[in-house]
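*Asks:* I'm passing along final39.csv; it holds CSV, C-alpha atoms.
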chain,number,residue,atom,x,y,z
B,29,MET,CA,92.0,122.6,81.5
B,30,LYS,CA,89.8,120.2,79.6
B,31,ILE,CA,87.4,118.1,81.8
B,32,GLU,CA,85.4,115.2,80.4
B,33,CYS,CA,82.9,113.4,82.6
B,34,LYS,CA,81.4,109.9,82.1
B,35,VAL,CA,78.6,108.9,84.5
B,36,ASP,CA,77.8,105.3,85.3
B,37,GLU,CA,74.5,105.5,87.2
B,38,LYS,CA,74.2,101.7,87.7
B,39,ASN,CA,77.6,101.4,89.4
B,40,ARG,CA,77.3,104.9,91.0
B,41,GLN,CA,80.6,106.1,89.5
B,42,ARG,CA,81.7,109.3,87.8
B,43,ASP,CA,84.9,109.3,85.9
B,44,TYR,CA,86.6,112.7,85.2
B,45,HIS,CA,89.3,112.8,82.5
B,46,LEU,CA,91.5,115.8,83.1
B,47,ASP,CA,93.8,117.3,80.5
B,48,GLY,CA,96.1,120.2,81.2
B,49,GLU,CA,97.6,121.9,84.2
B,50,LEU,CA,96.0,121.9,87.6
B,51,ASP,CA,97.2,125.3,88.9
B,52,VAL,CA,95.6,128.1,90.8
B,53,HIS,CA,93.3,129.1,87.9
B,54,GLN,CA,92.3,125.7,86.8
B,55,ALA,CA,91.8,124.4,90.3
B,56,LYS,CA,89.0,126.9,90.8
B,57,LEU,CA,87.3,125.8,87.6
B,58,LEU,CA,87.6,122.1,88.5
B,59,LYS,CA,86.3,122.7,92.0
B,60,GLU,CA,83.3,124.6,90.8
B,61,ARG,CA,82.5,121.8,88.3
B,62,LEU,CA,82.9,119.0,90.8
B,63,VAL,CA,81.0,120.7,93.6
B,64,GLU,CA,78.1,121.4,91.3
B,65,ASP,CA,78.1,117.7,90.3
B,66,LEU,CA,78.3,116.6,94.0
B,67,GLU,CA,75.2,118.6,94.7
B,68,GLU,CA,73.4,116.3,92.2
B,69,ILE,CA,74.6,113.1,93.8
B,70,GLN,CA,74.0,113.7,97.5
B,71,GLU,CA,72.1,110.4,98.1
B,72,GLY,CA,74.1,107.3,98.6
B,73,SER,CA,77.8,106.5,98.1
B,74,TRP,CA,79.4,107.3,94.8
B,75,VAL,CA,82.9,106.7,93.5
B,76,ILE,CA,84.5,109.8,92.0
B,77,ARG,CA,87.5,108.9,89.8
B,78,LEU,CA,89.9,111.5,88.6
B,79,HIS,CA,92.0,110.3,85.6
B,80,MET,CA,95.1,112.5,85.6
B,81,GLU,CA,97.3,110.9,83.0
B,82,ASN,CA,97.2,114.0,80.9
B,83,VAL,CA,97.8,116.4,83.8
B,84,GLN,CA,101.3,117.9,83.3
B,85,TYR,CA,101.6,120.2,86.3
B,86,LEU,CA,100.1,120.4,89.8
B,87,ASP,CA,100.6,123.3,92.3
B,88,SER,CA,99.6,123.8,95.9
B,89,SER,CA,96.3,125.3,94.9
B,90,GLY,CA,95.5,122.2,93.0
B,91,LEU,CA,96.5,120.0,95.9
B,92,GLY,CA,94.4,122.1,98.3
B,93,MET,CA,91.4,121.8,96.0
B,94,LEU,CA,91.9,118.0,95.9
B,95,VAL,CA,92.0,117.7,99.7
B,96,TYR,CA,88.8,119.8,99.9
B,97,LEU,CA,87.1,117.5,97.3
B,98,LYS,CA,88.1,114.4,99.1
B,99,LYS,CA,86.6,115.7,102.4
B,100,GLU,CA,83.4,116.8,100.6
B,101,ILE,CA,83.1,113.4,98.9
B,102,LYS,CA,83.7,111.6,102.2
B,103,LEU,CA,81.0,113.6,103.9
B,104,ARG,CA,78.6,112.3,101.3
B,105,HIS,CA,79.8,108.7,102.0
B,106,GLY,CA,81.6,108.5,98.7
B,107,LYS,CA,85.2,107.8,97.7
B,108,LEU,CA,87.7,109.7,95.6
B,109,HIS,CA,90.2,107.8,93.5
B,110,ILE,CA,93.0,109.4,91.6
B,111,ASP,CA,94.5,107.5,88.7
B,112,GLY,CA,97.2,107.7,86.1
B,113,LEU,CA,99.6,110.2,87.7
B,114,LYS,CA,102.8,111.1,85.8
B,115,ASP,CA,106.0,110.8,87.9
B,116,ALA,CA,106.4,114.6,88.3
B,117,VAL,CA,102.8,115.0,89.5
B,118,TYR,CA,103.1,112.0,91.8
B,119,ASN,CA,106.2,113.5,93.3
B,120,VAL,CA,104.2,116.6,94.4
B,121,PHE,CA,101.9,114.3,96.3
B,122,LYS,CA,104.9,112.4,97.8
B,123,LEU,CA,106.8,115.5,98.9
B,124,THR,CA,103.8,116.8,100.7
B,125,ARG,CA,103.0,113.3,102.1
B,126,LEU,CA,99.5,113.5,100.6
B,127,ASP,CA,100.2,110.3,98.6
B,128,GLU,CA,99.1,108.4,101.8
B,129,PHE,CA,96.1,110.7,102.4
B,130,PHE,CA,94.9,109.9,98.9
B,131,GLU,CA,96.0,106.3,99.0
B,132,LEU,CA,97.8,106.7,95.7
B,133,PRO,CA,99.4,103.7,94.0
B,134,LYS,CA,103.0,104.3,92.9
B,135,PRO,CA,103.3,105.1,89.2
Could you show the structure in this file as structure tokens?

*Replies:*
Amino acid sequence: MKIECKVDEKNRQRDYHLDGELDVHQAKLLKERLVEDLEEIQEGSWVIRLHMENVQYLDSSGLGMLVYLKKEIKLRHGKLHIDGLKDAVYNVFKLTRLDEFFELPKP
């Protein structure tokens, strides 16, 4: 999985552009990257935005990692936004009823 991050210090926002599949192997890599980044931004509230328009596949490991990240970000008084889901990936959230947990807009 390819991960690009853009940081906007002024608006306290980090945008992660994801490209590839978010499966058991890639979820671990993404989690390590984001947890490391979260350690840097412990003070104050930040918005973490995951741009997932180029994510083709999401499995239960990927979902579990996203739930973990949302909780970690919330503990730090931040917010997690997930944008640009393809229909197939959105349906995984919908089937597990996590679309409401993540407050996802319909594609």

*Asks:* How many Å separate atom CA of Arg104 of chain B from atom CA of Ser89 of chain B?

*Replies:* 22.9 Å

*Asks:* Applying 8 Å and all atoms listed in the file, which residues near segment 30-32 of chain B remain after dropping the ones on its own chain fewer than 4 positions away? List them as a list of chain:residue names.

*Replies:*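 Close residues of segment 30-32 of chain B: B:Tyr44, B:His45, B:Leu46, B:Asp47, B:Gly48, B:Leu58.
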
*Asks:* Just give me the residues with any atom within 10 Å of (96.2, 119.3, 99.6), file coordinates, counting all atoms listed in the file, written as a ChimeraX atom specification.

*Replies:* /B:87-98,120-121,124-127,129-130

*Asks:* Using all atoms listed in the file, determine which residues lie at most 8 Å from segment 70-82 of chain B, disregarding the query and same-chain residues fewer than 6 positions distant; provide the list as a list in words.

*Replies:*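 Close residues of segment 70-82 of chain B: Arg40, Gln41, Arg42, Asp43, Tyr44, His45, Leu46, Asp47, Gly48, Ile101, Arg104, His105, Gly106, Lys107, Leu108, His109, Ile110, Asp111, Gly112, Leu113 and Lys114 of chain B.
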
*Asks:* Between atom CA of Glu100 of chain B and atom CA of Leu66 of chain B, what is the spacing in Å?

*Replies:* 8.3 Å

*Asks:* Quick one: distance from atom CA of Leu123 of chain B to atom CA of Leu62 of chain B in Å, one decimal?

*Replies:*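 Between atom CA of Leu123 of chain B and atom CA of Leu62 of chain B the gap is 25.5 Å.
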
*Asks:* Quick one: of B:Val117, B:Leu132, B:Leu103, B:Met29, who's nearest to Leu57 of chain B, counting only C-alpha atoms?

*Replies:* B:Met29

*Asks:* Counting all atoms listed in the file, figure out which residue out of B:Ala55, B:Asp65, B:Asp115, B:Lys102 gets nearest to Gln84 of chain B.

*Replies:* B:Asp115

*Asks:* Choose the residue, out of B:Lys59, B:Glu49, B:Glu131, B:Ala116, that has the smallest atom-to-atom separation from Val83 of chain B; count all atoms listed in the file.

*Replies:*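 For Val83 of chain B, the nearest of the candidates is B:Glu49.
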